[in-house]
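One file, work.csv, carrying CSV, C-alpha atoms:
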chain,number,residue,atom,x,y,z
A,1,LEU,CA,10.0,81.2,40.2
A,2,ILE,CA,7.8,81.0,37.1
A,3,HIS,CA,8.1,77.2,37.0
A,4,ASN,CA,7.1,76.8,40.7
A,5,SER,CA,4.2,79.3,40.3
A,6,ILE,CA,2.8,77.4,37.4
A,7,LYS,CA,3.1,74.2,39.3
A,8,ASN,CA,1.3,75.7,42.3
A,9,LYS,CA,-1.3,77.2,40.0
A,10,ASN,CA,-0.5,80.8,41.2
A,11,ILE,CA,0.0,82.0,37.6
A,12,ASN,CA,-1.1,81.2,34.1
A,13,PHE,CA,-0.6,82.7,30.7
A,14,THR,CA,-3.0,83.2,27.8
A,15,ILE,CA,-3.2,85.0,24.4
A,16,ASP,CA,-7.0,85.2,24.8
A,17,ILE,CA,-7.4,88.8,25.7
A,18,GLU,CA,-11.2,88.7,25.9
A,19,LYS,CA,-11.1,85.8,28.3
A,20,SER,CA,-8.4,87.5,30.5
A,21,ILE,CA,-10.4,90.7,30.7
A,22,LYS,CA,-13.7,89.0,31.5
A,23,GLU,CA,-12.3,86.5,34.1
A,24,ASN,CA,-10.3,88.9,36.3
A,25,ASP,CA,-11.2,91.7,38.7
A,26,ILE,CA,-8.0,93.7,38.5
A,27,ILE,CA,-6.3,94.5,35.2
A,28,PHE,CA,-2.8,95.8,35.0
A,29,ILE,CA,-1.6,97.6,31.9
A,30,ALA,CA,2.1,96.9,31.7
A,31,VAL,CA,2.9,97.3,28.0
A,32,GLY,CA,6.0,99.1,26.8
A,33,THR,CA,6.2,102.9,26.1
A,34,PRO,CA,9.4,103.0,23.9
A,35,MET,CA,10.9,106.3,22.8
A,36,ASN,CA,9.9,107.9,19.5
A,37,ASP,CA,12.5,109.6,17.3
A,38,ASP,CA,11.4,113.0,18.7
A,39,GLY,CA,12.0,111.8,22.3
A,40,SER,CA,8.3,111.4,23.2
A,41,PRO,CA,7.0,108.1,24.6
A,42,ASN,CA,5.2,105.9,22.0
A,43,MET,CA,1.7,105.4,23.4
A,44,LYS,CA,0.3,103.1,20.7
A,45,TYR,CA,0.5,100.0,22.9
A,46,ILE,CA,-1.3,101.8,25.7
A,47,LYS,CA,-4.0,102.9,23.3
A,48,LYS,CA,-4.5,99.5,21.9
A,49,VAL,CA,-4.8,97.7,25.2
A,50,SER,CA,-7.2,100.4,26.4
A,51,GLU,CA,-9.4,99.8,23.4
A,52,ASP,CA,-9.3,96.1,24.0
A,53,ILE,CA,-10.4,96.5,27.6
A,54,GLY,CA,-13.3,98.8,26.5
A,55,GLU,CA,-14.3,96.2,23.9
A,56,TYR,CA,-14.5,93.2,26.2
A,57,ILE,CA,-15.1,94.5,29.7
A,58,ASP,CA,-18.4,93.1,31.0
A,59,SER,CA,-18.5,93.9,34.7
A,60,HIS,CA,-16.9,96.2,37.2
A,61,LYS,CA,-13.1,96.1,37.1
A,62,ILE,CA,-10.2,98.0,38.5
A,63,ILE,CA,-7.9,99.1,35.7
A,64,ILE,CA,-4.3,99.9,36.8
A,65,THR,CA,-1.7,101.6,34.6
A,66,LYS,CA,1.7,100.1,35.5
A,67,SER,CA,3.6,101.4,32.4
A,68,THR,CA,5.8,104.5,32.6
A,69,ILE,CA,3.5,107.1,31.2
A,70,PRO,CA,3.2,111.0,31.1
A,71,ALA,CA,1.0,112.6,33.7
A,72,GLY,CA,-2.6,112.5,32.7
A,73,THR,CA,-2.3,109.3,30.6
A,74,THR,CA,-4.3,107.2,33.0
A,75,PHE,CA,-7.3,109.5,32.5
A,76,LYS,CA,-6.8,109.1,28.7
A,77,VAL,CA,-6.9,105.4,29.3
A,78,LYS,CA,-10.2,105.9,31.2
A,79,ASN,CA,-11.7,108.0,28.4
A,80,THR,CA,-10.7,105.4,25.7
A,81,ILE,CA,-12.3,102.6,27.7
A,82,GLN,CA,-15.4,104.6,28.4
A,83,LYS,CA,-15.9,105.5,24.7
A,84,LYS,CA,-15.6,101.9,23.7
A,85,ILE,CA,-18.2,100.9,26.3
A,86,GLU,CA,-20.6,103.6,25.0
A,87,LEU,CA,-20.1,102.5,21.4
A,88,ARG,CA,-21.3,99.1,22.6
A,89,ASN,CA,-24.4,100.7,24.1
A,90,LYS,CA,-23.5,99.3,27.5
A,91,LYS,CA,-23.4,100.8,31.0
A,92,ILE,CA,-20.4,99.2,32.8
A,93,SER,CA,-18.6,100.9,35.7
A,94,PHE,CA,-14.9,100.6,36.4
A,95,ASP,CA,-12.2,102.3,38.5
A,96,ILE,CA,-8.8,103.5,37.4
A,97,ALA,CA,-5.5,103.8,39.2
A,98,ASN,CA,-1.8,104.2,38.5
A,99,ASN,CA,0.8,102.0,40.2
A,100,PRO,CA,4.2,102.7,38.7
A,101,GLU,CA,7.1,100.2,38.9
A,102,PHE,CA,10.5,101.0,40.4
A,103,LEU,CA,12.5,97.9,39.3
A,104,LYS,CA,16.2,98.0,38.6
A,105,GLU,CA,17.5,95.9,35.7
A,106,GLY,CA,19.5,92.9,37.1
A,107,ARG,CA,17.6,93.2,40.5
A,108,ALA,CA,14.0,93.3,39.3
A,109,LEU,CA,12.9,90.2,41.2
A,110,SER,CA,14.3,91.2,44.6
A,111,ASP,CA,13.0,94.8,44.0
A,112,PHE,CA,9.5,93.4,43.4
A,113,MET,CA,9.6,91.0,46.4
A,114,VAL,CA,11.1,93.6,48.8
A,115,PRO,CA,10.1,97.0,47.4
A,116,ASP,CA,11.3,100.3,48.9
A,117,ARG,CA,7.9,101.8,48.4
A,118,ILE,CA,4.6,101.0,46.6
A,119,ILE,CA,3.1,104.1,44.9
A,120,VAL,CA,-0.6,104.1,44.1
A,121,GLY,CA,-2.4,107.0,42.4
A,122,LEU,CA,-6.1,106.9,43.0
A,123,GLU,CA,-9.2,108.6,41.6
A,124,ASN,CA,-11.6,106.7,43.8
A,125,LYS,CA,-10.2,106.6,47.4
A,126,SER,CA,-12.8,104.0,48.4
A,127,ILE,CA,-10.7,101.2,46.7
A,128,LYS,CA,-7.6,101.8,49.0
A,129,ASN,CA,-8.4,98.7,51.0
A,130,ILE,CA,-8.2,96.6,47.8
A,131,PHE,CA,-4.6,97.8,47.2
A,132,LYS,CA,-3.8,97.1,50.9
A,133,GLU,CA,-5.0,93.6,50.5
A,134,LEU,CA,-3.3,93.1,47.1
A,135,TYR,CA,0.1,94.2,48.4
A,136,LYS,CA,-0.1,92.9,51.9
A,137,PRO,CA,2.5,90.1,51.2
A,138,PHE,CA,5.0,92.7,50.1
A,139,SER,CA,4.3,95.2,52.8
A,140,PHE,CA,4.2,92.9,55.8
A,141,ASN,CA,7.0,94.2,58.1
A,142,HIS,CA,6.0,97.8,57.8
A,143,GLU,CA,3.6,99.9,55.7
A,144,LYS,CA,5.1,100.6,52.2
A,145,LEU,CA,2.0,101.8,50.4
A,146,ILE,CA,2.0,105.5,49.6
A,147,PHE,CA,-1.3,106.8,48.2
A,148,MET,CA,-1.6,110.0,46.2
A,149,ASP,CA,-3.5,111.5,43.2
A,150,ILE,CA,-3.1,109.9,39.8
A,151,ARG,CA,-1.1,112.6,38.1
A,152,SER,CA,1.3,112.9,41.0
A,153,SER,CA,1.9,109.1,41.0
A,154,GLU,CA,2.6,109.1,37.2
A,155,LEU,CA,5.1,111.9,37.6
A,156,THR,CA,6.7,110.3,40.6
A,157,LYS,CA,8.1,107.6,38.4
A,158,TYR,CA,9.7,110.1,36.1
A,159,ALA,CA,10.9,112.3,38.9
A,160,SER,CA,12.6,109.4,40.6
A,161,ASN,CA,14.6,108.4,37.5
A,162,ALA,CA,15.3,112.1,36.7
A,163,MET,CA,16.8,112.6,40.2
A,164,LEU,CA,19.1,109.5,39.8
A,165,ALA,CA,20.2,110.6,36.3
A,166,THR,CA,20.9,114.1,37.6
A,167,LYS,CA,23.2,112.6,40.3
A,168,ILE,CA,25.1,110.7,37.6
A,169,SER,CA,25.5,113.7,35.4
A,170,PHE,CA,26.5,115.9,38.3
A,171,ILE,CA,29.3,113.7,39.4
A,172,ASN,CA,30.5,113.3,35.8
A,173,GLU,CA,30.5,117.1,35.3
A,174,MET,CA,32.5,117.4,38.6
A,175,ALA,CA,34.9,114.8,37.3
A,176,ILE,CA,35.7,116.9,34.3
A,177,VAL,CA,36.2,119.9,36.6
A,178,ALA,CA,38.4,117.8,38.9
A,179,GLU,CA,40.6,116.7,36.0
A,180,LYS,CA,40.9,120.3,34.7
A,181,VAL,CA,42.2,121.6,38.1
A,182,GLY,CA,44.3,118.6,39.0
A,183,ALA,CA,42.0,117.0,41.6
A,184,ASP,CA,40.9,113.4,42.0
A,185,ILE,CA,37.2,112.8,41.6
A,186,ASN,CA,37.5,109.4,43.5
A,187,GLN,CA,38.6,111.3,46.7
A,188,ILE,CA,35.9,114.0,46.1
A,189,ARG,CA,33.2,111.3,45.8
A,190,LYS,CA,34.2,109.9,49.3
A,191,GLY,CA,34.1,113.4,50.7
A,192,ILE,CA,30.7,114.3,49.5
A,193,GLY,CA,29.2,110.8,49.8
A,194,SER,CA,29.8,110.8,53.5
A,195,ASP,CA,27.3,113.6,53.8
A,196,SER,CA,24.0,111.8,54.7
A,197,ARG,CA,22.1,114.3,52.7
A,198,ILE,CA,23.9,113.2,49.5
A,199,GLY,CA,24.9,109.6,50.1
A,200,TYR,CA,27.1,107.3,48.0
A,201,SER,CA,24.5,106.0,45.6
A,202,PHE,CA,24.7,107.1,42.0
A,203,ILE,CA,27.7,109.4,42.5
A,204,TYR,CA,30.3,107.1,40.8
A,205,PRO,CA,32.1,108.8,38.0
A,206,SER,CA,31.6,106.9,34.7
A,207,ILE,CA,31.0,107.2,31.0
A,208,GLY,CA,27.4,108.0,31.6
A,209,TYR,CA,24.1,106.3,32.1
A,210,GLY,CA,22.4,104.1,29.5
A,211,GLY,CA,19.7,101.5,29.4
A,212,SER,CA,16.0,101.6,28.6
A,213,CYS,CA,14.8,103.9,31.5
A,214,PHE,CA,17.0,106.9,32.2
A,215,PRO,CA,17.5,108.1,28.6
A,216,LYS,CA,13.9,107.4,27.6
A,217,ASP,CA,12.4,109.0,30.7
A,218,ILE,CA,14.6,112.2,30.6
A,219,HIS,CA,13.6,112.7,26.9
A,220,ALA,CA,10.0,112.1,27.8
A,221,ILE,CA,10.0,114.7,30.6
A,222,LEU,CA,11.6,117.2,28.3
A,223,ASN,CA,9.0,116.4,25.6
A,224,PHE,CA,5.9,116.6,27.7
A,225,SER,CA,7.2,119.6,29.6
A,226,ASN,CA,7.8,121.5,26.3
A,227,GLU,CA,4.2,120.5,25.3
A,228,ASN,CA,3.1,122.3,28.4
A,229,LYS,CA,5.2,125.4,27.6
A,230,TYR,CA,8.1,124.8,30.0
A,231,ASN,CA,11.7,123.9,29.3
A,232,PRO,CA,13.3,122.0,32.2
A,233,ARG,CA,16.8,123.5,32.2
A,234,ILE,CA,18.4,121.2,34.7
A,235,LEU,CA,17.2,118.1,32.9
A,236,ASP,CA,18.2,119.5,29.6
A,237,ALA,CA,21.7,119.9,31.0
A,238,VAL,CA,21.6,116.4,32.5
A,239,ASN,CA,20.9,114.9,29.1
A,240,LYS,CA,23.6,116.9,27.3
A,241,VAL,CA,26.3,116.1,30.0
A,242,ASN,CA,25.4,112.4,29.6
A,243,GLN,CA,25.7,112.5,25.9
A,244,ASP,CA,29.0,114.3,26.0
A,245,GLN,CA,30.5,112.0,28.7
A,246,LYS,CA,31.1,109.2,26.1
A,247,LYS,CA,32.9,111.7,23.9
A,248,TYR,CA,35.0,113.0,26.8
A,249,PHE,CA,36.2,109.4,27.6
A,250,PHE,CA,36.9,108.6,23.9
A,251,ILE,CA,39.0,111.7,23.6
A,252,LYS,CA,41.5,110.1,26.0
A,253,ILE,CA,41.9,107.2,23.6
A,254,ILE,CA,42.2,109.6,20.6
A,255,ASN,CA,44.8,111.7,22.3
A,256,LYS,CA,46.9,108.6,23.0
A,257,PHE,CA,46.6,106.7,19.7
A,258,LEU,CA,45.3,108.9,16.9
A,259,LYS,CA,47.7,109.5,14.0
A,260,ASN,CA,46.7,111.4,10.9
A,261,ASN,CA,43.1,111.3,12.1
A,262,LYS,CA,43.2,107.5,12.0
A,263,LEU,CA,43.5,104.5,14.4
A,264,GLU,CA,44.7,102.2,11.6
A,265,GLY,CA,46.8,99.3,12.8
A,266,LYS,CA,45.6,99.9,16.4
A,267,LYS,CA,43.9,97.1,18.3
A,268,PHE,CA,41.8,97.4,21.5
A,269,GLY,CA,40.5,94.9,23.9
A,270,VAL,CA,37.1,95.8,25.4
A,271,TRP,CA,35.7,94.6,28.7
A,272,GLY,CA,31.9,95.0,29.0
A,273,LEU,CA,29.2,95.7,26.4
A,274,SER,CA,26.0,96.0,28.5
A,275,PHE,CA,25.0,99.4,29.9
A,276,LYS,CA,25.5,98.0,33.4
A,277,PRO,CA,26.3,94.7,35.1
A,278,GLY,CA,23.7,92.1,35.8
A,279,THR,CA,21.9,92.4,32.4
A,280,ASP,CA,22.5,91.7,28.7
A,281,ASP,CA,20.8,95.0,27.9
A,282,MET,CA,22.9,97.2,25.5
A,283,ARG,CA,20.4,100.0,24.9
A,284,GLU,CA,22.2,103.3,25.0
A,285,SER,CA,25.3,101.6,26.3
A,286,ALA,CA,28.6,103.6,25.9
A,287,SER,CA,30.1,100.5,24.3
A,288,ILE,CA,28.1,101.1,21.1
A,289,TYR,CA,29.6,104.6,20.7
A,290,ILE,CA,33.2,103.6,21.7
A,291,ILE,CA,33.4,100.6,19.5
A,292,ASN,CA,31.8,102.2,16.5
A,293,GLN,CA,34.1,105.2,16.8
A,294,ILE,CA,37.2,103.0,17.0
A,295,ILE,CA,36.2,101.0,13.9
A,296,GLU,CA,35.1,104.1,11.9
A,297,LEU,CA,38.6,105.4,12.5
A,298,GLY,CA,40.2,102.2,11.2
A,299,GLY,CA,40.9,100.5,14.5
A,300,GLU,CA,40.1,96.9,15.5
A,301,VAL,CA,38.4,95.6,18.6
A,302,LYS,CA,38.2,92.4,20.6
A,303,VAL,CA,35.3,92.3,23.0
A,304,TYR,CA,34.1,90.2,26.0
A,305,ASP,CA,31.0,90.5,28.2
A,306,PRO,CA,29.5,87.9,30.5
A,307,LYS,CA,26.0,88.2,29.1
A,308,ALA,CA,25.7,90.7,26.2
A,309,MET,CA,27.7,88.9,23.5
A,310,ASP,CA,24.7,87.6,21.7
A,311,ASN,CA,23.0,91.0,21.6
A,312,ALA,CA,26.1,92.5,20.2
A,313,LYS,CA,26.5,89.9,17.5
A,314,GLU,CA,22.9,89.7,16.5
A,315,TYR,CA,21.9,93.4,16.7
A,316,TYR,CA,24.2,96.1,17.7
A,317,PHE,CA,27.4,95.1,15.8
A,318,LYS,CA,25.8,92.8,13.3
A,319,ASN,CA,27.2,94.6,10.2
A,320,LEU,CA,30.6,95.6,11.7
A,321,THR,CA,33.9,94.2,10.5
A,322,ASN,CA,37.1,94.5,12.5
A,323,ILE,CA,35.4,93.1,15.6
A,324,LYS,CA,36.2,89.8,17.3
A,325,TYR,CA,34.2,88.2,20.1
A,326,CYS,CA,36.2,86.4,22.8
A,327,ASP,CA,35.4,83.6,25.2
A,328,ASP,CA,37.0,85.1,28.3
A,329,LYS,CA,38.3,88.4,29.5
A,330,TYR,CA,42.0,87.7,29.1
A,331,GLU,CA,41.6,86.5,25.5
A,332,VAL,CA,40.8,90.1,24.4
A,333,LEU,CA,44.2,91.3,25.7
A,334,HIS,CA,46.3,89.2,23.3
A,335,ASN,CA,48.0,91.5,20.7
A,336,SER,CA,45.9,94.5,21.8
A,337,ASP,CA,47.5,97.9,22.2
A,338,ALA,CA,45.2,98.9,25.2
A,339,LEU,CA,42.4,97.6,27.4
A,340,ILE,CA,39.2,99.6,27.6
A,341,LEU,CA,36.9,98.8,30.5
A,342,ILE,CA,33.3,99.9,29.9
A,343,THR,CA,31.0,97.9,32.2
A,344,GLU,CA,31.9,97.2,35.8
A,345,TRP,CA,31.1,93.5,36.0
A,346,PRO,CA,32.3,91.9,39.2
A,347,GLU,CA,34.7,89.6,37.4
A,348,PHE,CA,36.6,92.7,36.2
A,349,ARG,CA,37.1,94.2,39.7
A,350,SER,CA,40.2,92.2,40.7
A,351,PRO,CA,42.0,91.0,37.6
A,352,ASP,CA,45.5,89.7,37.2
A,353,PHE,CA,47.4,92.9,36.4
A,354,ASN,CA,50.6,91.0,35.7
A,355,LEU,CA,48.8,89.0,33.1
A,356,ILE,CA,47.2,92.1,31.6
A,357,LYS,CA,50.6,93.7,31.3
A,358,ALA,CA,52.2,90.6,29.8
A,359,LYS,CA,49.5,90.1,27.2
A,360,LEU,CA,49.0,93.7,26.0
A,361,ASN,CA,51.4,95.1,23.3
A,362,THR,CA,51.6,98.3,25.4
A,363,PRO,CA,50.5,98.3,29.1
A,364,ILE,CA,47.7,100.8,28.9
A,365,ILE,CA,44.2,100.7,30.5
A,366,PHE,CA,41.4,103.1,29.8
A,367,ASP,CA,38.9,102.7,32.7
A,368,GLY,CA,35.4,104.1,32.2
A,369,ARG,CA,34.3,103.1,35.7
A,370,ASN,CA,37.3,104.0,37.9
A,371,GLN,CA,37.6,100.5,39.2
A,372,TYR,CA,41.3,100.3,40.0
A,373,ASP,CA,44.0,101.9,42.2
A,374,LYS,CA,46.1,104.3,40.2
A,375,ASN,CA,49.0,104.0,42.6
A,376,ILE,CA,49.2,100.3,42.3
A,377,LEU,CA,49.1,100.4,38.5
A,378,SER,CA,51.7,103.1,38.4
A,379,GLU,CA,54.1,101.0,40.5
A,380,MET,CA,53.5,98.1,38.1
A,381,GLY,CA,54.3,100.3,35.1
A,382,ILE,CA,50.8,100.3,33.7
A,383,GLU,CA,49.6,103.5,32.1
A,384,TYR,CA,46.2,104.2,33.6
A,385,TYR,CA,43.5,106.6,32.4
A,386,GLN,CA,40.4,107.2,34.5
A,387,ILE,CA,37.4,109.5,34.6
A,388,GLY,CA,38.1,112.7,36.5
A,389,VAL,CA,41.8,112.1,37.4
A,390,SER,CA,44.8,113.6,35.7
A,391,THR,CA,47.2,111.0,34.2
Using structure tokens, write down the structure from this file.
Amino acid sequence: LIHNSIKNKNINFTIDIEKSIKENDIIFIAVGTPMNDDGSPNMKYIKKVSEDIGEYIDSHKIIITKSTIPAGTTFKVKNTIQKKIELRNKKISFDIANNPEFLKEGRALSDFMVPDRIIVGLENKSIKNIFKELYKPFSFNHEKLIFMDIRSSELTKYASNAMLATKISFINEMAIVAEKVGADINQIRKGIGSDSRIGYSFIYPSIGYGGSCFPKDIHAILNFSNENKYNPRILDAVNKVNQDQKKYFFIKIINKFLKNNKLEGKKFGVWGLSFKPGTDDMRESASIYIINQIIELGGEVKVYDPKAMDNAKEYYFKNLTNIKYCDDKYEVLHNSDALILITEWPEFRSPDFNLIKAKLNTPIIFDGRNQYDKNILSEMGIEYYQIGVST
């Protein structure tokens, strides 16, 4: 798409920020807001680009914040730009707006081309028609634009991710309850998902959410809510449940293999390193916790992921020993005492269970995504551990 767009002169790139500000009518701020150590969003990139805009703006512009930012940040951007203009002894008018993104990793392009909704927060309602014209190609079949005030649009992004994270932590907590009372969370999921008010999305039991958005955004809400003298109790619990979910899954491995507080001599094959399929992103992935714990306790791991192997080698597991990277999913099984499935890549959904059983030292699968049928595996003589199901 980039190649064709360059060829058709629909897009160009520059490192000349002064030129890009002066030559364009609409300026999107889409820089990162990574998480600080205290959980707050790092706003230094927002501040820098705001200062640059104030330094070089020379005529009326529409400034749009696209980055994920706490409520009120767009007005801080406005103030920063205005102060810079005043320091230049200039009188230049501009409008501000917030237009948060709702792209899913692995599906960002299709989400952009065919969005569920387009949220726009406005201070000056007279520029509505500009946004309608801007987004007309993406809102052609039916109106997808939703206009609101700026602070509401900023918080809508956080609230959306917080709701999805809450659904994930809810089903994971119910999975633990199900396991404790001898129920099957897979059946429960079907029972509650059939309710149209709940739906099936984001209620798959797992080892928790990861990635760059959910953990960062939940921490950010907790942080800026506390700054405003409120503690979000539900989201605090969502965060804690998610953190504990990896430990809950790892205890299954511990209970099976730990001897004298060690996993020495034990070898594990791992399928999946990224936090979800369709991306090489390992940020906050459960694989980091699981693999580090195994190696710290003296175990060895062999790993395979369709996309995230380079990230693992170069960054996340750069200094680890007792880890081997394999070229295909079946190679990790050879001489391993168990298979651990962490990421639900499509190629892991229908494996050759006979081959798995033949290659493993002991026919044991720990499934962090509940991908398989426990009855089939039981008939084949494979010991199978899931989330939210008694073994």
Here's a test: counting only C-alpha atoms, identify every protein, DNA and RNA residue with an atom at most 10 Å from (37.4, 104.2, 43.0) in the file's coordinate frame, and state them as a PyMOL selection string.
chain A and resi 184-187+189-190+204-205+369-374+386-387
Leaving out range 291-306 of chain A and any residue of its chain fewer than 2 positions from it, which residues lie within 6 Å of it when counting all atoms listed in the file, given as a list of chain:residue names?
A:Lys262, A:Leu263, A:Glu264, A:Lys266, A:Lys267, A:Phe268, A:Gly269, A:Val270, A:Trp271, A:Gly272, A:Leu273, A:Ser287, A:Ile288, A:Tyr289, A:Ala308, A:Met309, A:Asn322, A:Ile323, A:Lys324, A:Tyr325, A:Cys326, A:Lys329, A:Val332
Hey, can you check how far CA of Asn242 in chain A sits from CA of Gly208 in chain A?
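Computing the Euclidean distance for CA of Asn242 in chain A and CA of Gly208 in chain A yields 5.2 Å.
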Report, in Å to a single decimal, how far apart CA of Lys246 in chain A and CA of Asp38 in chain A are.
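Between CA of Asp38 in chain A and CA of Lys246 in chain A the gap works out to 21.4 Å.
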What lies within 10 Å of Asn24 in chain A using only C-alpha atoms, ignoring chain neighbours under 5 positions off, as a list in words?
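The contact residues come out as Lys19, Ile57, Ser59, His60, Lys61 and Ile62 of chain A.
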Between A:Asn141, A:Phe317, A:Thr279, A:Asp337, which is the closest to Glu105 in chain A once you count all atoms listed in the file?
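The closest residue to Glu105 in chain A is A:Thr279.
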Point-to-point distance from CA of Lys136 in chain A to CA of Asp58 in chain A, Å rounded to tenths
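Value for the CA of Lys136 in chain A-CA of Asp58 in chain A distance: 27.8 Å.
The closest residue to Leu155 in chain A, picked from A:Ile53, A:Ile365, A:Val120, A:Val31 and counting all atoms listed in the file, is A:Val120.
Minimum atom-to-atom distance to Pro100 in chain A, evaluated using all atoms listed in the file, belongs to A:Ser153 out of A:Asn239, A:Ser285, A:Thr391, A:Ser153.
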Radius query 10 Å about (23.3, 98.0, 30.0), atoms used: all atoms listed in the file, as a list in words
Glu105, Gly106, Tyr209, Gly210, Gly211, Ser212, Gly272, Leu273, Ser274, Phe275, Lys276, Pro277, Gly278, Thr279, Asp280, Asp281, Met282, Arg283, Glu284, Ser285, Ala286, Ser287, Ala308 and Thr343 of chain A
Compile the contact shell of Phe138 in chain A as a PyMOL selection string: residues with an atom at most 8 Å away, counting all atoms listed in the file, same-chain residues fewer than 6 positions apart removed.
chain A and resi 113-115
Could the residues in this selection be written to a file with C-alpha atoms, as a PDB file, keeping the file's coordinate frame?
ATOM      1  CA  MET A 113       9.600  91.000  46.400  1.00  0.00           C
ATOM      2  CA  VAL A 114      11.100  93.600  48.800  1.00  0.00           C
ATOM      3  CA  PRO A 115      10.100  97.000  47.400  1.00  0.00           C
TER       4      PRO A 115
END
Selection near range 121-132 of chain A, 7 Å with only C-alpha atoms, sequence-local residues under 4 positions removed, as a ChimeraX atom specification
/A:95-99,136,147-150,153
